[in-house]
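Below: coords-v8.pdb (PDB, C-alpha atoms, pLDDT in the B column)
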ATOM      1  CA  MET A   1     176.150  85.745 148.016  1.00 71.00           C
ATOM      2  CA  LYS A   2     175.985  81.991 148.416  1.00 75.00           C
ATOM      3  CA  ASN A   3     179.314  80.159 148.376  1.00 77.00           C
ATOM      4  CA  GLN A   4     179.825  77.550 145.695  1.00 86.00           C
ATOM      5  CA  LYS A   5     180.528  74.133 147.179  1.00 89.00           C
ATOM      6  CA  LEU A   6     184.137  73.015 146.793  1.00 92.00           C
ATOM      7  CA  TYR A   7     185.063  69.339 146.800  1.00 94.00           C
ATOM      8  CA  ASN A   8     188.508  68.221 147.937  1.00 94.00           C
ATOM      9  CA  ARG A   9     190.831  65.278 148.567  1.00 93.00           C
ATOM     10  CA  ILE A  10     192.343  66.514 151.803  1.00 95.00           C
ATOM     11  CA  THR A  11     191.374  63.416 153.851  1.00 94.00           C
ATOM     12  CA  VAL A  12     192.956  60.984 151.366  1.00 93.00           C
ATOM     13  CA  LEU A  13     196.093  63.094 150.962  1.00 93.00           C
ATOM     14  CA  ARG A  14     196.486  63.636 154.695  1.00 95.00           C
ATOM     15  CA  GLU A  15     196.237  59.897 155.366  1.00 94.00           C
ATOM     16  CA  GLU A  16     198.610  59.073 152.492  1.00 92.00           C
ATOM     17  CA  ASN A  17     201.141  61.522 153.945  1.00 93.00           C
ATOM     18  CA  ASN A  18     200.674  60.123 157.481  1.00 93.00           C
ATOM     19  CA  PHE A  19     199.592  63.435 158.943  1.00 94.00           C
ATOM     20  CA  SER A  20     197.244  63.652 161.897  1.00 94.00           C
ATOM     21  CA  ARG A  21     194.677  66.466 161.737  1.00 95.00           C
ATOM     22  CA  LYS A  22     196.681  68.371 164.360  1.00 95.00           C
ATOM     23  CA  GLU A  23     199.927  67.993 162.410  1.00 95.00           C
ATOM     24  CA  LEU A  24     198.342  69.158 159.162  1.00 96.00           C
ATOM     25  CA  ALA A  25     196.666  72.054 160.979  1.00 96.00           C
ATOM     26  CA  LYS A  26     200.055  73.147 162.365  1.00 95.00           C
ATOM     27  CA  GLU A  27     201.664  72.932 158.919  1.00 94.00           C
ATOM     28  CA  ILE A  28     199.012  75.046 157.206  1.00 95.00           C
ATOM     29  CA  GLY A  29     198.519  77.447 160.127  1.00 93.00           C
ATOM     30  CA  VAL A  30     194.921  76.778 161.146  1.00 95.00           C
ATOM     31  CA  ASN A  31     193.065  75.352 164.143  1.00 92.00           C
ATOM     32  CA  PHE A  32     192.764  71.528 163.944  1.00 91.00           C
ATOM     33  CA  GLN A  33     188.953  71.853 163.940  1.00 92.00           C
ATOM     34  CA  THR A  34     189.258  73.797 160.677  1.00 95.00           C
ATOM     35  CA  VAL A  35     190.961  70.765 159.089  1.00 96.00           C
ATOM     36  CA  GLY A  36     187.850  68.769 160.045  1.00 95.00           C
ATOM     37  CA  TYR A  37     185.599  71.369 158.423  1.00 95.00           C
ATOM     38  CA  LEU A  38     187.782  71.311 155.278  1.00 96.00           C
ATOM     39  CA  GLU A  39     187.718  67.506 155.112  1.00 95.00           C
ATOM     40  CA  ARG A  40     183.939  67.395 155.491  1.00 94.00           C
ATOM     41  CA  GLU A  41     183.730  70.056 152.737  1.00 93.00           C
ATOM     42  CA  GLU A  42     181.820  72.335 155.093  1.00 93.00           C
ATOM     43  CA  TYR A  43     184.265  75.195 154.643  1.00 94.00           C
ATOM     44  CA  ASN A  44     185.807  76.625 151.470  1.00 94.00           C
ATOM     45  CA  PRO A  45     189.399  77.720 152.087  1.00 95.00           C
ATOM     46  CA  SER A  46     190.794  81.065 150.981  1.00 95.00           C
ATOM     47  CA  LEU A  47     193.174  81.089 148.022  1.00 95.00           C
ATOM     48  CA  GLY A  48     196.113  81.569 150.416  1.00 95.00           C
ATOM     49  CA  LEU A  49     195.135  78.515 152.479  1.00 96.00           C
ATOM     50  CA  ALA A  50     194.515  76.456 149.327  1.00 96.00           C
ATOM     51  CA  PHE A  51     198.058  77.326 148.165  1.00 96.00           C
ATOM     52  CA  ARG A  52     199.515  76.316 151.542  1.00 96.00           C
ATOM     53  CA  ILE A  53     197.669  72.971 151.353  1.00 96.00           C
ATOM     54  CA  SER A  54     198.861  72.486 147.777  1.00 96.00           C
ATOM     55  CA  LYS A  55     202.469  73.183 148.876  1.00 96.00           C
ATOM     56  CA  ILE A  56     202.290  70.703 151.762  1.00 95.00           C
ATOM     57  CA  PHE A  57     200.989  67.892 149.527  1.00 94.00           C
ATOM     58  CA  LYS A  58     203.238  68.943 146.596  1.00 93.00           C
ATOM     59  CA  LEU A  59     200.283  68.836 144.197  1.00 92.00           C
ATOM     60  CA  PRO A  60     198.639  71.474 141.987  1.00 92.00           C
ATOM     61  CA  ILE A  61     195.572  73.125 143.508  1.00 93.00           C
ATOM     62  CA  GLU A  62     193.243  71.679 140.832  1.00 90.00           C
ATOM     63  CA  MET A  63     194.207  68.163 141.931  1.00 89.00           C
ATOM     64  CA  ILE A  64     193.177  68.870 145.492  1.00 93.00           C
ATOM     65  CA  PHE A  65     190.128  71.115 145.029  1.00 94.00           C
ATOM     66  CA  SER A  66     187.308  71.011 142.492  1.00 92.00           C
ATOM     67  CA  THR A  67     183.911  72.553 141.939  1.00 92.00           C
ATOM     68  CA  GLU A  68     182.662  69.113 140.847  1.00 89.00           C
ATOM     69  CA  PRO A  69     182.737  65.836 142.821  1.00 88.00           C
ATOM     70  CA  MET A  70     186.288  64.443 142.751  1.00 82.00           C
ATOM     71  CA  LYS A  71     187.250  61.457 140.584  1.00 77.00           C
ATOM     72  CA  PRO A  72     189.787  58.885 141.884  1.00 76.00           C
ATOM     73  CA  LEU A  73     193.274  60.424 142.175  1.00 70.00           C
ATOM     74  CA  SER A  74     194.780  57.840 139.782  1.00 76.00           C
ATOM     75  CA  GLN A  75     192.525  59.106 136.958  1.00 76.00           C
ATOM     76  CA  GLU A  76     193.481  62.687 137.703  1.00 71.00           C
ATOM     77  CA  VAL A  77     197.233  61.879 137.697  1.00 74.00           C
ATOM     78  CA  LEU A  78     196.855  60.170 134.297  1.00 80.00           C
ATOM     79  CA  LYS A  79     194.949  63.147 132.910  1.00 78.00           C
ATOM     80  CA  TYR A  80     197.532  65.566 134.352  1.00 75.00           C
ATOM     81  CA  ARG A  81     200.456  63.598 132.867  1.00 79.00           C
ATOM     82  CA  LYS A  82     198.773  63.544 129.430  1.00 83.00           C
ATOM     83  CA  LYS A  83     198.252  67.291 129.691  1.00 80.00           C
ATOM     84  CA  MET A  84     201.905  67.837 130.579  1.00 79.00           C
ATOM     85  CA  GLY A  85     202.982  65.614 127.619  1.00 77.00           C
ATOM     86  CA  GLU A  86     204.632  62.894 129.699  1.00 66.00           C
TER
ATOM     87  CA  MET B   1     176.328  68.843 173.220  1.00 81.00           C
ATOM     88  CA  SER B   2     173.973  68.497 170.240  1.00 88.00           C
ATOM     89  CA  ARG B   3     172.725  71.570 168.369  1.00 88.00           C
ATOM     90  CA  ALA B   4     169.142  71.030 169.606  1.00 91.00           C
ATOM     91  CA  ILE B   5     170.326  71.068 173.252  1.00 90.00           C
ATOM     92  CA  ARG B   6     172.571  74.095 172.614  1.00 91.00           C
ATOM     93  CA  ARG B   7     169.596  75.966 171.121  1.00 93.00           C
ATOM     94  CA  LEU B   8     167.483  74.998 174.130  1.00 91.00           C
ATOM     95  CA  HIS B   9     170.184  76.442 176.418  1.00 91.00           C
ATOM     96  CA  VAL B  10     170.278  79.682 174.371  1.00 94.00           C
ATOM     97  CA  VAL B  11     166.487  80.063 174.706  1.00 94.00           C
ATOM     98  CA  LEU B  12     166.656  79.216 178.437  1.00 94.00           C
ATOM     99  CA  ASN B  13     169.485  81.704 178.978  1.00 94.00           C
ATOM    100  CA  TYR B  14     167.634  84.606 177.324  1.00 94.00           C
ATOM    101  CA  PHE B  15     164.359  83.567 178.961  1.00 95.00           C
ATOM    102  CA  CYS B  16     166.140  83.949 182.343  1.00 95.00           C
ATOM    103  CA  ILE B  17     167.159  87.526 181.457  1.00 95.00           C
ATOM    104  CA  ILE B  18     163.586  88.424 180.440  1.00 94.00           C
ATOM    105  CA  ALA B  19     162.170  86.729 183.570  1.00 95.00           C
ATOM    106  CA  ILE B  20     164.590  88.675 185.811  1.00 95.00           C
ATOM    107  CA  ILE B  21     163.497  91.958 184.162  1.00 94.00           C
ATOM    108  CA  VAL B  22     159.799  91.031 184.584  1.00 94.00           C
ATOM    109  CA  PHE B  23     160.186  90.061 188.260  1.00 94.00           C
ATOM    110  CA  PHE B  24     162.328  93.160 188.895  1.00 94.00           C
ATOM    111  CA  ALA B  25     159.534  95.298 187.413  1.00 92.00           C
ATOM    112  CA  ILE B  26     156.941  93.470 189.554  1.00 92.00           C
ATOM    113  CA  GLY B  27     159.088  94.091 192.633  1.00 92.00           C
ATOM    114  CA  LYS B  28     159.532  97.746 191.776  1.00 90.00           C
ATOM    115  CA  ILE B  29     155.819  98.337 191.127  1.00 90.00           C
ATOM    116  CA  HIS B  30     154.245  96.191 193.870  1.00 89.00           C
ATOM    117  CA  GLY B  31     157.022  96.405 196.431  1.00 88.00           C
ATOM    118  CA  TRP B  32     159.840  93.996 197.224  1.00 89.00           C
ATOM    119  CA  SER B  33     158.994  90.792 199.063  1.00 90.00           C
ATOM    120  CA  SER B  34     161.265  87.916 200.051  1.00 91.00           C
ATOM    121  CA  SER B  35     159.456  85.571 197.619  1.00 91.00           C
ATOM    122  CA  ILE B  36     160.244  87.874 194.655  1.00 92.00           C
ATOM    123  CA  LEU B  37     163.878  88.102 195.727  1.00 93.00           C
ATOM    124  CA  ILE B  38     164.109  84.293 196.015  1.00 94.00           C
ATOM    125  CA  VAL B  39     162.531  83.834 192.560  1.00 94.00           C
ATOM    126  CA  ILE B  40     164.965  86.370 191.057  1.00 95.00           C
ATOM    127  CA  GLY B  41     167.870  84.598 192.784  1.00 95.00           C
ATOM    128  CA  LEU B  42     166.764  81.187 191.483  1.00 96.00           C
ATOM    129  CA  ILE B  43     166.292  82.482 187.927  1.00 96.00           C
ATOM    130  CA  ALA B  44     169.725  84.148 188.086  1.00 96.00           C
ATOM    131  CA  ALA B  45     171.273  80.855 189.233  1.00 96.00           C
ATOM    132  CA  VAL B  46     169.650  78.945 186.353  1.00 95.00           C
ATOM    133  CA  GLY B  47     170.820  81.666 183.943  1.00 94.00           C
ATOM    134  CA  LEU B  48     174.357  81.483 185.306  1.00 95.00           C
ATOM    135  CA  ILE B  49     174.478  77.679 184.998  1.00 93.00           C
ATOM    136  CA  SER B  50     173.207  77.796 181.405  1.00 92.00           C
ATOM    137  CA  PHE B  51     175.710  80.597 180.637  1.00 93.00           C
ATOM    138  CA  ILE B  52     178.659  78.581 181.992  1.00 93.00           C
ATOM    139  CA  THR B  53     177.519  75.378 180.247  1.00 90.00           C
ATOM    140  CA  LEU B  54     176.782  77.073 176.950  1.00 90.00           C
ATOM    141  CA  TYR B  55     179.566  79.623 176.580  1.00 92.00           C
ATOM    142  CA  ILE B  56     182.416  78.981 179.023  1.00 91.00           C
ATOM    143  CA  LYS B  57     182.704  75.179 178.971  1.00 87.00           C
ATOM    144  CA  SER B  58     182.301  75.039 175.192  1.00 86.00           C
ATOM    145  CA  LYS B  59     185.031  77.746 174.806  1.00 88.00           C
ATOM    146  CA  VAL B  60     182.757  79.754 172.476  1.00 91.00           C
ATOM    147  CA  TRP B  61     183.165  82.753 174.795  1.00 92.00           C
ATOM    148  CA  LYS B  62     186.939  82.613 174.241  1.00 91.00           C
ATOM    149  CA  LEU B  63     186.407  82.325 170.466  1.00 91.00           C
ATOM    150  CA  VAL B  64     184.179  85.395 170.128  1.00 91.00           C
ATOM    151  CA  HIS B  65     186.369  87.495 172.450  1.00 91.00           C
ATOM    152  CA  ALA B  66     189.741  86.472 171.001  1.00 91.00           C
ATOM    153  CA  LYS B  67     191.902  88.974 169.125  1.00 92.00           C
ATOM    154  CA  ILE B  68     191.578  88.553 165.365  1.00 90.00           C
ATOM    155  CA  ASP B  69     195.252  87.574 164.930  1.00 89.00           C
ATOM    156  CA  LYS B  70     194.721  84.602 167.267  1.00 90.00           C
ATOM    157  CA  LEU B  71     192.034  83.131 164.988  1.00 93.00           C
ATOM    158  CA  ASP B  72     192.335  81.254 161.715  1.00 94.00           C
ATOM    159  CA  GLU B  73     190.391  82.298 158.609  1.00 95.00           C
ATOM    160  CA  ARG B  74     187.383  80.022 159.297  1.00 95.00           C
ATOM    161  CA  GLU B  75     187.103  81.292 162.860  1.00 95.00           C
ATOM    162  CA  VAL B  76     187.375  84.912 161.642  1.00 95.00           C
ATOM    163  CA  GLN B  77     184.599  84.252 159.099  1.00 94.00           C
ATOM    164  CA  LEU B  78     182.479  82.554 161.769  1.00 94.00           C
ATOM    165  CA  THR B  79     182.843  85.396 164.282  1.00 94.00           C
ATOM    166  CA  HIS B  80     182.266  88.058 161.602  1.00 94.00           C
ATOM    167  CA  GLU B  81     179.021  86.372 160.487  1.00 94.00           C
ATOM    168  CA  SER B  82     177.963  86.108 164.114  1.00 95.00           C
ATOM    169  CA  LEU B  83     178.786  89.779 164.791  1.00 94.00           C
ATOM    170  CA  ARG B  84     176.917  90.883 161.662  1.00 94.00           C
ATOM    171  CA  LEU B  85     173.770  89.039 162.755  1.00 95.00           C
ATOM    172  CA  SER B  86     174.215  90.190 166.372  1.00 95.00           C
ATOM    173  CA  TYR B  87     174.407  93.820 165.212  1.00 94.00           C
ATOM    174  CA  SER B  88     171.109  93.483 163.355  1.00 93.00           C
ATOM    175  CA  ILE B  89     169.313  91.750 166.241  1.00 95.00           C
ATOM    176  CA  PHE B  90     170.746  94.082 168.899  1.00 94.00           C
ATOM    177  CA  THR B  91     169.776  97.149 166.868  1.00 93.00           C
ATOM    178  CA  VAL B  92     166.179  95.991 166.378  1.00 93.00           C
ATOM    179  CA  VAL B  93     165.778  94.982 170.059  1.00 93.00           C
ATOM    180  CA  SER B  94     167.352  98.221 171.394  1.00 92.00           C
ATOM    181  CA  LEU B  95     165.286 100.454 169.136  1.00 90.00           C
ATOM    182  CA  LEU B  96     162.121  98.522 169.904  1.00 92.00           C
ATOM    183  CA  VAL B  97     162.704  98.918 173.655  1.00 89.00           C
ATOM    184  CA  LEU B  98     163.364 102.649 173.205  1.00 87.00           C
ATOM    185  CA  LEU B  99     160.225 102.999 171.058  1.00 86.00           C
ATOM    186  CA  ILE B 100     158.102 101.201 173.678  1.00 87.00           C
ATOM    187  CA  PHE B 101     159.445 103.572 176.367  1.00 83.00           C
ATOM    188  CA  ALA B 102     158.726 106.569 174.143  1.00 81.00           C
ATOM    189  CA  VAL B 103     155.177 105.467 173.316  1.00 82.00           C
ATOM    190  CA  THR B 104     154.201 104.330 176.832  1.00 83.00           C
ATOM    191  CA  ALA B 105     155.659 107.371 178.615  1.00 77.00           C
ATOM    192  CA  LYS B 106     153.109 109.216 180.754  1.00 75.00           C
ATOM    193  CA  GLU B 107     153.808 112.411 178.912  1.00 77.00           C
ATOM    194  CA  TYR B 108     154.771 112.513 175.261  1.00 72.00           C
ATOM    195  CA  ASP B 109     158.455 113.420 175.105  1.00 75.00           C
ATOM    196  CA  SER B 110     159.543 114.662 171.689  1.00 81.00           C
ATOM    197  CA  LEU B 111     163.219 114.366 172.731  1.00 83.00           C
ATOM    198  CA  ILE B 112     162.945 110.558 173.065  1.00 83.00           C
ATOM    199  CA  MET B 113     161.366 110.375 169.594  1.00 84.00           C
ATOM    200  CA  ILE B 114     164.191 112.484 168.135  1.00 88.00           C
ATOM    201  CA  ILE B 115     166.783 110.264 169.869  1.00 88.00           C
ATOM    202  CA  PHE B 116     164.941 107.204 168.480  1.00 87.00           C
ATOM    203  CA  ILE B 117     165.034 108.603 164.924  1.00 90.00           C
ATOM    204  CA  GLY B 118     168.709 109.552 165.348  1.00 92.00           C
ATOM    205  CA  LEU B 119     169.645 106.062 166.557  1.00 92.00           C
ATOM    206  CA  LEU B 120     167.583 104.466 163.769  1.00 92.00           C
ATOM    207  CA  TYR B 121     169.544 106.558 161.240  1.00 94.00           C
ATOM    208  CA  LEU B 122     172.868 105.706 162.946  1.00 94.00           C
ATOM    209  CA  ALA B 123     172.111 101.970 162.962  1.00 92.00           C
ATOM    210  CA  HIS B 124     171.336 101.971 159.236  1.00 92.00           C
ATOM    211  CA  THR B 125     174.207 104.199 158.100  1.00 94.00           C
ATOM    212  CA  LEU B 126     177.033 103.072 160.423  1.00 93.00           C
ATOM    213  CA  PRO B 127     178.191 100.021 158.390  1.00 92.00           C
ATOM    214  CA  ALA B 128     178.309 102.137 155.216  1.00 93.00           C
ATOM    215  CA  ALA B 129     180.014 105.002 157.084  1.00 94.00           C
ATOM    216  CA  ILE B 130     182.774 102.646 158.285  1.00 93.00           C
ATOM    217  CA  ILE B 131     183.392 101.416 154.719  1.00 92.00           C
ATOM    218  CA  VAL B 132     183.452 104.970 153.341  1.00 92.00           C
ATOM    219  CA  TRP B 133     185.782 106.035 156.199  1.00 94.00           C
ATOM    220  CA  LYS B 134     188.259 103.155 155.874  1.00 92.00           C
ATOM    221  CA  GLN B 135     188.506 102.322 152.175  1.00 91.00           C
ATOM    222  CA  LYS B 136     190.958 104.210 149.959  1.00 86.00           C
ATOM    223  CA  GLU B 137     188.729 103.967 146.893  1.00 82.00           C
ATOM    224  CA  PHE B 138     185.072 103.166 146.542  1.00 76.00           C
TER
END

Re-express the file's structure as structure tokens.
Amino acid sequence: MKNQKLYNRITVLREENNFSRKELAKEIGVNFQTVGYLEREEYNPSLGLAFRISKIFKLPIEMIFSTEPMKPLSQEVLKYRKKMGE
Amino acid sequence: MSRAIRRLHVVLNYFCIIAIIVFFAIGKIHGWSSSILIVIGLIAAVGLISFITLYIKSKVWKLVHAKIDKLDEREVQLTHESLRLSYSIFTVVSLLVLLIFAVTAKEYDSLIMIIFIGLLYLAHTLPAAIIVWKQKEF
């Protein structure tokens, strides 16, 4: 079975939250090299890890991970707010 | 170390093992001489250097021998994929070596052929047997 490629915004979110790779790795309970693999989209996280990442950045999973190339975060926030009726 | 150089080291490392076996066989058949012992020693030294460079310094040895609870999910996936492939390669190589011994033996030994067939069966059924043994439902 070939894994479907997952796109993500981990690099942008990590930098926005002033985390180093080592700090983020410690928070989500992985080796810091794994954060590099996640950021380069060379590794698809498990659902458990995706939830831990989502909790750290306080964002829904679908705003961090996607099966299609990611749009700018501002567009996603606008779309999400419209969906939530804000 | 780039992937091309790492691959070169892997080939060199296994080539050293094969060369040691070949020179050991030459020594055993034609008698031991100091030149054969020196060649074996040199090949072993090259093999040891490539082993240390490739596996110890890069910490890959530690990764593949670590307990599973010390690894994160990517490392577990990586080592499992590696073990799966290793099992296949090791099985083929071991059975091939056994088959060569069985075929080239001076006298045909039916016991070796039976052992070969038994091991061939074991190698193919063992992964399924472990699943059947461990899973509650299947």

Item to check | Matched chain/residue IDs from the PyMOL selection byres ((chain A) within 12 of (chain B)), as a VMD selection string | outcome: chain A and resid 25 to 26 28 to 38 42 to 50

Item to check | region 33-42 of chain B environment, 7 Å, only C-alpha atoms, sequence neighbours closer than 5 positions dropped, as an NGL selection string | outcome: :B and (20 or 23 or 27)

Residue by residue, what does the PyMOL selection byres ((chain B and resi 122-134) around 10) grab here? Present the result as a CSV table (one decimal) with C-alpha atoms, keeping the file's coordinate frame.
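part.csv written:
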chain,number,residue,atom,x,y,z
B,84,ARG,CA,176.9,90.9,161.7
B,87,TYR,CA,174.4,93.8,165.2
B,88,SER,CA,171.1,93.5,163.4
B,90,PHE,CA,170.7,94.1,168.9
B,91,THR,CA,169.8,97.1,166.9
B,92,VAL,CA,166.2,96.0,166.4
B,95,LEU,CA,165.3,100.5,169.1
B,116,PHE,CA,164.9,107.2,168.5
B,117,ILE,CA,165.0,108.6,164.9
B,118,GLY,CA,168.7,109.6,165.3
B,119,LEU,CA,169.6,106.1,166.6
B,120,LEU,CA,167.6,104.5,163.8
B,121,TYR,CA,169.5,106.6,161.2
B,135,GLN,CA,188.5,102.3,152.2
B,136,LYS,CA,191.0,104.2,150.0
B,137,GLU,CA,188.7,104.0,146.9
B,138,PHE,CA,185.1,103.2,146.5

Next on the checklist: Show me the residues around (191.5, 65.5, 146.4) - criterion: an atom at most 10 Å away, only C-alpha atoms counted - as a ChimeraX atom specification.
Outcome noted: /A:7-14,39,59,61-66,69-73,76

Item to check | the PyMOL selection byres ((chain B and resi 58-62) around 12) resolved against shown file, as a PyMOL selection string | outcome: chain B and resi 1-2+6+50-57+63-68+70-71+75+78-79+82

Checklist entry - In Å, with one decimal, what is the gap from CA of Ser94 (chain B) to CA of Phe15 (chain B)? => result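 Spanning CA of Ser94 (chain B) to CA of Phe15 (chain B) is a straight-line distance of 16.8 Å.
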
Checklist entry - By how many Å are CA of Tyr14 (chain B) and CA of Ile29 (chain B) apart? => result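 One can read the CA of Tyr14 (chain B) to CA of Ile29 (chain B) distance as 22.8 Å.
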
Checklist entry - Which residue gives the smallest distance to Ile43 (chain B) among B:Cys16, B:Leu85, B:Leu98, B:Met113, with all atoms listed in the file counted? => result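 The answer is B:Cys16, which sits nearest to Ile43 (chain B).
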
Item to check | d(CA of Gly47 (chain B), CA of Ser86 (chain B)) in Å | outcome: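 So the two atoms, CA of Gly47 (chain B) and CA of Ser86 (chain B), lie 19.8 Å apart.
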